[in-house]
$ cat my_file-v7.txt   # compact mmCIF, C-alpha atoms
# COMPACT_ATOMS: atom_id res chain seq x y z
CA MET A 1 4.83 -32.40 -28.01
CA LYS A 2 1.76 -31.12 -29.82
CA GLY A 3 -0.53 -33.01 -27.44
CA ILE A 4 0.94 -31.30 -24.38
CA LEU A 5 0.78 -27.88 -26.05
CA ASP A 6 -2.76 -28.54 -27.31
CA VAL A 7 -4.04 -29.25 -23.82
CA GLY A 8 -1.71 -26.87 -21.97
CA VAL A 9 -2.42 -23.75 -24.02
CA VAL A 10 -6.19 -24.24 -23.91
CA CYS A 11 -6.12 -24.95 -20.15
CA VAL A 12 -4.07 -21.81 -19.48
CA LEU A 13 -6.39 -19.75 -21.67
CA VAL A 14 -9.48 -21.08 -19.90
CA LEU A 15 -7.97 -20.41 -16.45
CA MET A 16 -6.81 -16.92 -17.43
CA MET A 17 -10.10 -15.84 -18.94
CA GLY A 18 -12.05 -17.55 -16.15
CA ALA A 19 -10.10 -15.52 -13.57
CA VAL A 20 -10.87 -12.36 -15.57
CA GLY A 21 -14.57 -13.27 -15.64
CA MET A 22 -14.62 -13.86 -11.87
CA GLY A 23 -13.75 -10.20 -11.42
CA LEU A 24 -16.47 -8.90 -13.72
CA GLU A 25 -20.22 -8.32 -13.54
CA GLY A 26 -22.85 -7.58 -16.18
CA ARG A 27 -22.96 -3.90 -15.20
CA HIS A 28 -19.30 -3.49 -16.22
CA PHE A 29 -20.18 -4.53 -19.79
CA ARG A 30 -23.29 -2.35 -19.81
CA GLU A 31 -21.09 0.64 -18.94
CA VAL A 32 -18.73 -0.22 -21.82
CA LEU A 33 -21.59 -0.71 -24.30
CA ARG A 34 -23.07 2.64 -23.30
CA ARG A 35 -20.04 4.30 -24.95
CA LYS A 36 -20.57 2.87 -28.42
CA GLY A 37 -18.68 5.65 -30.22
CA THR A 38 -15.55 5.11 -28.15
CA LEU A 39 -15.77 1.35 -28.67
CA VAL A 40 -16.13 1.72 -32.46
CA LEU A 41 -13.18 4.13 -32.65
CA ILE A 42 -10.95 1.81 -30.59
CA LEU A 43 -11.88 -1.17 -32.79
CA LEU A 44 -11.31 0.82 -35.99
CA ALA A 45 -7.97 2.14 -34.77
CA GLN A 46 -6.85 -1.37 -33.79
CA ALA A 47 -7.82 -2.71 -37.22
CA VAL A 48 -5.99 0.09 -39.05
CA VAL A 49 -3.04 1.12 -36.88
CA LEU A 50 -1.70 -2.28 -35.77
CA PRO A 51 -1.50 -3.90 -39.25
CA ALA A 52 0.03 -0.68 -40.59
CA LEU A 53 2.63 -0.70 -37.81
CA GLY A 54 3.38 -4.37 -38.49
CA PHE A 55 3.72 -3.74 -42.21
CA LEU A 56 6.01 -0.71 -41.80
CA LEU A 57 8.14 -2.58 -39.28
CA THR A 58 8.61 -5.61 -41.52
CA ARG A 59 9.58 -3.29 -44.40
CA ALA A 60 11.90 -1.15 -42.29
CA MET A 61 13.70 -4.17 -40.81
CA ALA A 62 13.59 -6.19 -44.04
CA LEU A 63 12.24 -9.26 -42.24
CA PRO A 64 12.24 -12.56 -44.10
CA PRO A 65 8.92 -14.20 -45.05
CA ILE A 66 7.58 -16.95 -42.75
CA MET B 14 -11.09 -5.03 -17.79
CA ALA B 15 -14.60 -5.19 -19.29
CA LEU B 16 -13.44 -2.75 -21.98
CA SER B 17 -10.50 -4.97 -22.84
CA VAL B 18 -12.64 -8.15 -22.96
CA THR B 19 -15.27 -6.42 -25.11
CA VAL B 20 -12.70 -5.03 -27.55
CA ASN B 21 -11.03 -8.45 -27.83
CA ALA B 22 -14.30 -10.29 -28.40
CA LEU B 23 -15.56 -7.79 -30.97
CA SER B 24 -12.23 -7.67 -32.82
CA ILE B 25 -12.41 -11.48 -33.19
CA LEU B 26 -16.00 -11.22 -34.39
CA PHE B 27 -15.16 -8.56 -36.98
CA SER B 28 -11.94 -10.29 -38.08
CA VAL B 29 -13.70 -11.79 -41.12
CA VAL B 30 -14.18 -8.27 -42.46
CA THR B 31 -11.03 -6.62 -41.11
CA MET B 32 -8.66 -9.44 -42.14
CA ALA B 33 -10.12 -9.52 -45.65
CA GLY B 34 -9.63 -5.76 -45.93
CA ILE B 35 -6.11 -5.87 -44.51
CA PHE B 36 -5.06 -8.66 -46.90
CA GLU B 37 -6.48 -6.70 -49.83
CA VAL B 38 -4.34 -3.72 -48.82
CA TYR B 39 -1.28 -5.96 -48.38
CA VAL B 40 -1.85 -7.51 -51.82
CA TYR B 41 -2.15 -4.02 -53.29
CA LEU B 42 1.01 -2.80 -51.55
CA LEU B 43 3.13 -5.90 -52.13
CA GLY B 44 1.78 -6.83 -55.52
CA GLU B 45 1.59 -10.54 -54.65
CA HIS B 46 -1.08 -12.88 -53.34
CA PHE B 47 -1.11 -14.15 -49.77
CA VAL B 48 -1.18 -17.76 -48.70
CA PHE B 49 -3.15 -16.78 -45.60
CA ALA B 50 -6.88 -17.25 -45.66
CA VAL B 51 -9.59 -15.31 -43.95
CA PRO B 52 -10.91 -17.45 -41.05
CA SER B 53 -13.89 -19.65 -41.85
CA PRO B 54 -17.07 -19.23 -39.79
CA THR B 55 -16.29 -22.50 -37.95
CA LEU B 56 -12.78 -21.38 -37.03
CA LEU B 57 -14.10 -17.96 -36.08
CA GLY B 58 -16.73 -19.54 -33.83
CA ARG B 59 -14.14 -21.68 -32.05
CA VAL B 60 -11.71 -18.75 -31.64
CA MET B 61 -14.55 -16.63 -30.32
CA LEU B 62 -15.75 -19.27 -27.86
CA MET B 63 -12.29 -20.08 -26.47
CA PRO B 64 -11.96 -16.81 -24.53
CA VAL B 65 -15.65 -15.89 -24.24
CA LEU B 66 -16.98 -19.09 -22.62
CA PRO B 67 -14.49 -19.02 -19.69
CA VAL B 68 -15.24 -15.31 -19.12
CA LEU B 69 -18.98 -16.07 -19.10
CA ALA B 70 -18.35 -18.98 -16.73
CA GLY B 71 -16.36 -16.69 -14.43
CA ILE B 72 -19.12 -14.05 -14.50
CA SER B 73 -21.73 -16.75 -13.77
CA VAL B 74 -19.71 -18.02 -10.80
CA ARG B 75 -19.45 -14.46 -9.46
CA CYS B 76 -23.17 -13.97 -10.00
CA VAL B 77 -24.21 -17.22 -8.28
CA ALA B 78 -21.58 -17.31 -5.53
CA PRO B 79 -19.84 -13.93 -5.16
CA GLY B 80 -18.07 -15.00 -1.96
CA PHE B 81 -16.63 -18.08 -3.63
CA ALA B 82 -15.53 -16.03 -6.67
CA GLU B 83 -13.84 -13.47 -4.46
CA ALA B 84 -12.07 -16.15 -2.46
CA ARG B 85 -11.01 -18.30 -5.41
CA ALA B 86 -10.21 -15.71 -8.13
CA ASN B 87 -6.62 -15.36 -6.92
CA SER B 88 -6.16 -19.15 -6.82
CA VAL B 89 -7.41 -19.48 -10.42
CA HIS B 90 -5.13 -16.59 -11.44
CA ARG B 91 -2.14 -18.24 -9.73
CA ALA B 92 -2.96 -21.57 -11.42
CA SER B 93 -2.95 -19.83 -14.82
CA LEU B 94 0.43 -18.21 -14.02
CA ALA B 95 1.80 -21.63 -13.05
CA GLY B 96 0.48 -23.03 -16.32
CA ILE B 97 2.14 -20.22 -18.29
CA ALA B 98 5.44 -20.85 -16.49
CA PHE B 99 5.22 -24.58 -17.28
CA LEU B 100 4.48 -23.91 -20.98
CA LEU B 101 7.32 -21.39 -21.22
CA VAL B 102 9.82 -23.85 -19.80
CA TYR B 103 8.43 -26.69 -21.92
CA VAL B 104 8.71 -24.72 -25.17
CA MET B 105 12.15 -23.38 -24.23
CA VAL B 106 13.38 -26.92 -23.67
CA THR B 107 11.71 -28.60 -26.65
CA GLN B 108 12.35 -25.80 -29.17
CA ARG B 109 15.69 -24.49 -27.95
CA ALA B 110 17.31 -24.78 -31.39
CA GLN B 111 14.66 -22.60 -33.04
CA LEU B 112 14.71 -20.16 -30.12
CA ALA B 113 18.50 -19.88 -30.24
CA THR B 114 18.44 -18.76 -33.86
CA GLU B 115 15.39 -16.49 -33.73
CA TRP B 116 15.16 -14.90 -30.28
CA GLN B 117 17.28 -11.80 -30.94
CA GLN B 118 15.44 -10.61 -34.04
CA THR B 119 12.04 -11.50 -32.58
CA THR B 120 12.81 -9.63 -29.35
CA VAL B 121 13.90 -6.46 -31.18
CA VAL B 122 10.90 -6.49 -33.54
CA ALA B 123 8.44 -7.30 -30.75
CA ALA B 124 9.83 -4.57 -28.48
CA ILE B 125 9.65 -1.91 -31.22
CA PHE B 126 6.15 -3.02 -32.22
CA MET B 127 4.92 -2.97 -28.62
CA GLY B 128 6.45 0.45 -27.92
CA LEU B 129 4.88 2.01 -31.02
CA ALA B 130 1.53 0.28 -30.42
CA LEU B 131 1.51 1.46 -26.79
CA LEU B 132 2.14 5.03 -27.96
CA ALA B 133 -0.64 4.73 -30.55
CA GLY B 134 -3.08 3.38 -27.93
CA LEU B 135 -2.25 6.08 -25.39
CA SER B 136 -2.54 8.78 -28.08
CA LEU B 137 -5.97 7.48 -29.09
CA ALA B 138 -7.05 7.40 -25.44
CA ARG B 139 -5.91 11.01 -25.02
CA PHE B 140 -7.77 11.99 -28.20
CA LEU B 141 -10.92 10.31 -26.87
CA ARG B 142 -10.36 11.93 -23.45
CA LEU B 143 -10.68 8.62 -21.65
CA SER B 144 -10.11 8.21 -17.91
CA LYS B 145 -6.63 7.22 -16.68
CA GLU B 146 -7.78 3.64 -16.09
CA ASP B 147 -9.33 3.30 -19.57
CA SER B 148 -6.26 4.95 -21.15
CA VAL B 149 -3.99 2.32 -19.63
CA THR B 150 -6.42 -0.40 -20.76
CA VAL B 151 -6.44 0.90 -24.35
CA GLY B 152 -2.65 1.42 -24.37
CA ILE B 153 -1.97 -2.08 -23.08
CA GLY B 154 -4.67 -3.51 -25.34
CA PHE B 155 -2.87 -2.07 -28.37
CA ALA B 156 0.59 -3.17 -27.25
CA VAL B 157 -0.02 -6.54 -25.66
CA ARG B 158 -1.66 -9.02 -27.91
CA ASN B 159 -3.40 -12.06 -26.49
CA VAL B 160 -0.51 -14.47 -27.06
CA ALA B 161 -2.32 -17.33 -25.33
CA LEU B 162 -5.26 -17.03 -27.71
CA ALA B 163 -2.98 -16.66 -30.72
CA SER B 164 -1.03 -19.75 -29.59
CA ALA B 165 -4.22 -21.71 -29.07
CA VAL B 166 -5.35 -20.82 -32.60
CA ALA B 167 -1.96 -21.57 -34.16
CA ILE B 168 -1.38 -24.88 -32.35
CA THR B 169 -4.79 -26.45 -31.84
CA LEU B 170 -6.67 -25.11 -34.85
CA LEU B 171 -4.01 -24.48 -37.51
CA ASN B 172 -1.42 -27.12 -36.47
CA HIS B 173 1.50 -24.67 -36.47
CA VAL B 174 3.49 -25.89 -33.44
CA GLU B 175 6.56 -23.85 -34.48
CA TYR B 176 4.61 -20.66 -33.74
CA ASP B 177 5.05 -21.31 -30.02
CA ALA B 178 8.73 -20.36 -30.11
CA PHE B 179 7.72 -16.93 -31.42
CA ALA B 180 4.91 -16.70 -28.84
CA VAL B 181 7.35 -17.43 -26.00
CA VAL B 182 9.78 -14.69 -27.08
CA TYR B 183 6.92 -12.25 -27.67
CA PHE B 184 5.43 -13.03 -24.25
CA LEU B 185 8.78 -12.66 -22.47
CA THR B 186 9.28 -9.31 -24.23
CA GLU B 187 5.84 -7.99 -23.29
CA VAL B 188 6.10 -8.88 -19.59
CA PRO B 189 8.67 -6.13 -18.73
CA LEU B 190 6.66 -3.63 -20.79
CA LEU B 191 3.46 -4.53 -18.94
CA LEU B 192 5.13 -4.37 -15.55
CA GLY B 193 6.67 -1.00 -16.47
CA VAL B 194 3.32 0.48 -17.50
CA VAL B 195 1.65 -0.85 -14.34
CA ALA B 196 4.48 0.59 -12.18
CA VAL B 197 4.20 4.04 -13.84
CA ARG B 198 0.41 3.99 -13.49
CA ARG B 199 0.62 3.06 -9.79
CA ARG B 200 3.14 5.83 -9.15
CA ARG B 201 0.99 8.43 -10.91
CA CYS B 202 -2.29 7.30 -9.37
CA THR B 203 -1.03 6.96 -5.78
CA PRO B 204 -2.31 9.99 -3.87
CA PRO B 205 0.44 12.03 -2.17
CA ALA B 206 0.88 11.48 1.55
CA PRO B 207 -0.94 14.11 3.60
CA GLN B 208 1.40 16.85 4.76
CA VAL B 209 1.47 17.37 8.48
CA ASP B 210 2.00 20.84 9.80
CA LEU B 211 4.68 20.13 12.41
CA SER B 212 4.49 23.66 13.82
CA ARG B 213 0.93 22.91 14.95
CA ASN B 214 1.64 19.32 15.99
CA PRO B 215 4.97 19.38 17.82
CA LEU B 216 6.33 15.98 18.70

$ encode --input "my_file-v7.txt" --output "structure tokens"
Amino acid sequence: MKGILDVGVVCVLVLMMGAVGMGLEGRHFREVLRRKGTLVLILLAQAVVLPALGFLLTRAMALPPI
Amino acid sequence: MALSVTVNALSILFSVVTMAGIFEVYVYLLGEHFVFAVPSPTLLGRVMLMPVLPVLAGISVRCVAPGFAEARANSVHRASLAGIAFLLVYVMVTQRAQLATEWQQTTVVAAIFMGLALLAGLSLARFLRLSKEDSVTVGIGFAVRNVALASAVAITLLNHVEYDAFAVVYFLTEVPLLLGVVAVRRRRCTPPAPQVDLSRNPL
């Protein structure tokens, strides 16, 4: 089972991200990198808000440990 | 899309710092030590390369042969969807016992998490006064985690096959949310049909 998942998941990931890349050009990334402040704020918010949400949710729903 | 790819790549890159910080806070809040470890540089490199290399390959193809990329992008996308469908069915069949016991709780938790994360992302986008397109990207980026990448890390790098049952339920929960957001966005962004003055243009 692990063999099929090993290969399957990586293949799907490569195809998915490859399809995404086929729709992008360097200028799209240059536009994103021009807005450094926005990028930093989004990254910071993701690093703070999502773990906090996860933590609060596990406490509120009293989820069992893994 | 470039914003989403950039945020994903950078969040992986900074995960050494952010995960260490998050675990410190968890240890402080819970008062107990975690068994999880911050990713090693080798693991980080492999996790980083898994999504980045295919994106770079796709960009290179578009750069070298834009016509080919335009013509084949949909085929590659369809092939990835077929692969996802195959993996979903495979995991549902091989791990049906685990899924049967866990799917309800996982679905509820995943749906609440995604709803709150979507709200947080859209609120941030409004605060930053982003365009409608970027707002949707940030909202979805917050709510929809890259389950394929997480599965690849869990299965191929950390040898946790059982994680795939969770990934399947999480993925199946996020699909309706994604489709809903896309439908709302399309409805809001579709320009209204031009009104015809019938008094000036009698039939």

$ residues_around --input "my_file-v7.txt" --residues "segment 20-32 of chain B" --least-positions-apart "4" --cutoff "10 Å" --atoms "all atoms listed in the file" --output "NGL selection string"
(:A and (32 or 39-40 or 42-44 or 46-48 or 51)) or (:B and (14-16 or 36-38 or 49-54 or 57-58 or 60-62 or 64-65 or 151 or 154 or 158-159))

$ write_last_selection --input "my_file-v7.txt" --atoms "C-alpha atoms" --output "tab-separated table (two decimals), in the frame of the given file"
chain	number	residue	atom	x	y	z
A	32	VAL	CA	-18.73	-0.22	-21.82
A	39	LEU	CA	-15.77	1.35	-28.67
A	40	VAL	CA	-16.13	1.72	-32.46
A	42	ILE	CA	-10.95	1.81	-30.59
A	43	LEU	CA	-11.88	-1.17	-32.79
A	44	LEU	CA	-11.31	0.82	-35.99
A	46	GLN	CA	-6.85	-1.37	-33.79
A	47	ALA	CA	-7.82	-2.71	-37.22
A	48	VAL	CA	-5.99	0.09	-39.05
A	51	PRO	CA	-1.50	-3.90	-39.25
B	14	MET	CA	-11.09	-5.03	-17.79
B	15	ALA	CA	-14.60	-5.19	-19.29
B	16	LEU	CA	-13.44	-2.75	-21.98
B	36	PHE	CA	-5.06	-8.66	-46.90
B	37	GLU	CA	-6.48	-6.70	-49.83
B	38	VAL	CA	-4.34	-3.72	-48.82
B	49	PHE	CA	-3.15	-16.78	-45.60
B	50	ALA	CA	-6.88	-17.25	-45.66
B	51	VAL	CA	-9.59	-15.31	-43.95
B	52	PRO	CA	-10.91	-17.45	-41.05
B	53	SER	CA	-13.89	-19.65	-41.85
B	54	PRO	CA	-17.07	-19.23	-39.79
B	57	LEU	CA	-14.10	-17.96	-36.08
B	58	GLY	CA	-16.73	-19.54	-33.83
B	60	VAL	CA	-11.71	-18.75	-31.64
B	61	MET	CA	-14.55	-16.63	-30.32
B	62	LEU	CA	-15.75	-19.27	-27.86
B	64	PRO	CA	-11.96	-16.81	-24.53
B	65	VAL	CA	-15.65	-15.89	-24.24
B	151	VAL	CA	-6.44	0.90	-24.35
B	154	GLY	CA	-4.67	-3.51	-25.34
B	158	ARG	CA	-1.66	-9.02	-27.91
B	159	ASN	CA	-3.40	-12.06	-26.49

$ residues_near_point --input "my_file-v7.txt" --point "(1.4, 2.7, -25.0)" --cutoff "10 Å" --atoms "only C-alpha atoms" --output "MDAnalysis selection string"
chainID B and resid 127:138 148:157 190:191 194

$ interface_residues --input "my_file-v7.txt" --of "chain B" --to "chain A" --cutoff "8 Å" --atoms "only C-alpha atoms" --output "ChimeraX atom specification"
/B:14-16,19-20,23-24,31,35,63-65,67-76,82-83,86-87,89-90,92-94,96-97,100,107,122,126,129-130,133,137,141,151,155,161-162,164-165,168-169,174

$ write_last_selection --input "my_file-v7.txt" --atoms "C-alpha atoms" --output "PDB file, in the coordinates of the input"
ATOM      1  CA  MET B  14     -11.090  -5.030 -17.790  1.00  0.00           C
ATOM      2  CA  ALA B  15     -14.600  -5.190 -19.290  1.00  0.00           C
ATOM      3  CA  LEU B  16     -13.440  -2.750 -21.980  1.00  0.00           C
ATOM      4  CA  THR B  19     -15.270  -6.420 -25.110  1.00  0.00           C
ATOM      5  CA  VAL B  20     -12.700  -5.030 -27.550  1.00  0.00           C
ATOM      6  CA  LEU B  23     -15.560  -7.790 -30.970  1.00  0.00           C
ATOM      7  CA  SER B  24     -12.230  -7.670 -32.820  1.00  0.00           C
ATOM      8  CA  THR B  31     -11.030  -6.620 -41.110  1.00  0.00           C
ATOM      9  CA  ILE B  35      -6.110  -5.870 -44.510  1.00  0.00           C
ATOM     10  CA  MET B  63     -12.290 -20.080 -26.470  1.00  0.00           C
ATOM     11  CA  PRO B  64     -11.960 -16.810 -24.530  1.00  0.00           C
ATOM     12  CA  VAL B  65     -15.650 -15.890 -24.240  1.00  0.00           C
ATOM     13  CA  PRO B  67     -14.490 -19.020 -19.690  1.00  0.00           C
ATOM     14  CA  VAL B  68     -15.240 -15.310 -19.120  1.00  0.00           C
ATOM     15  CA  LEU B  69     -18.980 -16.070 -19.100  1.00  0.00           C
ATOM     16  CA  ALA B  70     -18.350 -18.980 -16.730  1.00  0.00           C
ATOM     17  CA  GLY B  71     -16.360 -16.690 -14.430  1.00  0.00           C
ATOM     18  CA  ILE B  72     -19.120 -14.050 -14.500  1.00  0.00           C
ATOM     19  CA  SER B  73     -21.730 -16.750 -13.770  1.00  0.00           C
ATOM     20  CA  VAL B  74     -19.710 -18.020 -10.800  1.00  0.00           C
ATOM     21  CA  ARG B  75     -19.450 -14.460  -9.460  1.00  0.00           C
ATOM     22  CA  CYS B  76     -23.170 -13.970 -10.000  1.00  0.00           C
ATOM     23  CA  ALA B  82     -15.530 -16.030  -6.670  1.00  0.00           C
ATOM     24  CA  GLU B  83     -13.840 -13.470  -4.460  1.00  0.00           C
ATOM     25  CA  ALA B  86     -10.210 -15.710  -8.130  1.00  0.00           C
ATOM     26  CA  ASN B  87      -6.620 -15.360  -6.920  1.00  0.00           C
ATOM     27  CA  VAL B  89      -7.410 -19.480 -10.420  1.00  0.00           C
ATOM     28  CA  HIS B  90      -5.130 -16.590 -11.440  1.00  0.00           C
ATOM     29  CA  ALA B  92      -2.960 -21.570 -11.420  1.00  0.00           C
ATOM     30  CA  SER B  93      -2.950 -19.830 -14.820  1.00  0.00           C
ATOM     31  CA  LEU B  94       0.430 -18.210 -14.020  1.00  0.00           C
ATOM     32  CA  GLY B  96       0.480 -23.030 -16.320  1.00  0.00           C
ATOM     33  CA  ILE B  97       2.140 -20.220 -18.290  1.00  0.00           C
ATOM     34  CA  LEU B 100       4.480 -23.910 -20.980  1.00  0.00           C
ATOM     35  CA  THR B 107      11.710 -28.600 -26.650  1.00  0.00           C
ATOM     36  CA  VAL B 122      10.900  -6.490 -33.540  1.00  0.00           C
ATOM     37  CA  PHE B 126       6.150  -3.020 -32.220  1.00  0.00           C
ATOM     38  CA  LEU B 129       4.880   2.010 -31.020  1.00  0.00           C
ATOM     39  CA  ALA B 130       1.530   0.280 -30.420  1.00  0.00           C
ATOM     40  CA  ALA B 133      -0.640   4.730 -30.550  1.00  0.00           C
ATOM     41  CA  LEU B 137      -5.970   7.480 -29.090  1.00  0.00           C
ATOM     42  CA  LEU B 141     -10.920  10.310 -26.870  1.00  0.00           C
ATOM     43  CA  VAL B 151      -6.440   0.900 -24.350  1.00  0.00           C
ATOM     44  CA  PHE B 155      -2.870  -2.070 -28.370  1.00  0.00           C
ATOM     45  CA  ALA B 161      -2.320 -17.330 -25.330  1.00  0.00           C
ATOM     46  CA  LEU B 162      -5.260 -17.030 -27.710  1.00  0.00           C
ATOM     47  CA  SER B 164      -1.030 -19.750 -29.590  1.00  0.00           C
ATOM     48  CA  ALA B 165      -4.220 -21.710 -29.070  1.00  0.00           C
ATOM     49  CA  ILE B 168      -1.380 -24.880 -32.350  1.00  0.00           C
ATOM     50  CA  THR B 169      -4.790 -26.450 -31.840  1.00  0.00           C
ATOM     51  CA  VAL B 174       3.490 -25.890 -33.440  1.00  0.00           C
TER      52      VAL B 174
END

$ residues_around --input "my_file-v7.txt" --residues "Thr119 of chain B" --least-positions-apart "2" --cutoff "10 Å" --atoms "all atoms listed in the file" --output "PyMOL selection string"
(chain A and resi 63) or (chain B and resi 112+114-117+121-125+178-180+182-183+186)

$ atom_distance --input "my_file-v7.txt" --atom1 "atom CA of Val40 of chain B" --atom2 "atom CA of Gln118 of chain B"
25.0 Å

$ atom_distance --input "my_file-v7.txt" --atom1 "atom CA of Phe99 of chain B" --atom2 "atom CA of Ala113 of chain B"
19.1 Å

$ axis_aligned_box --input "my_file-v7.txt" --around "segment 52-66 of chain B" --padding-each-side "6 Å" --output "lines of an AutoDock Vina configuration file"
center_x = -14.0
center_y = -19.2
center_z = -32.2
size_x = 18.2
size_y = 18.6
size_z = 31.2
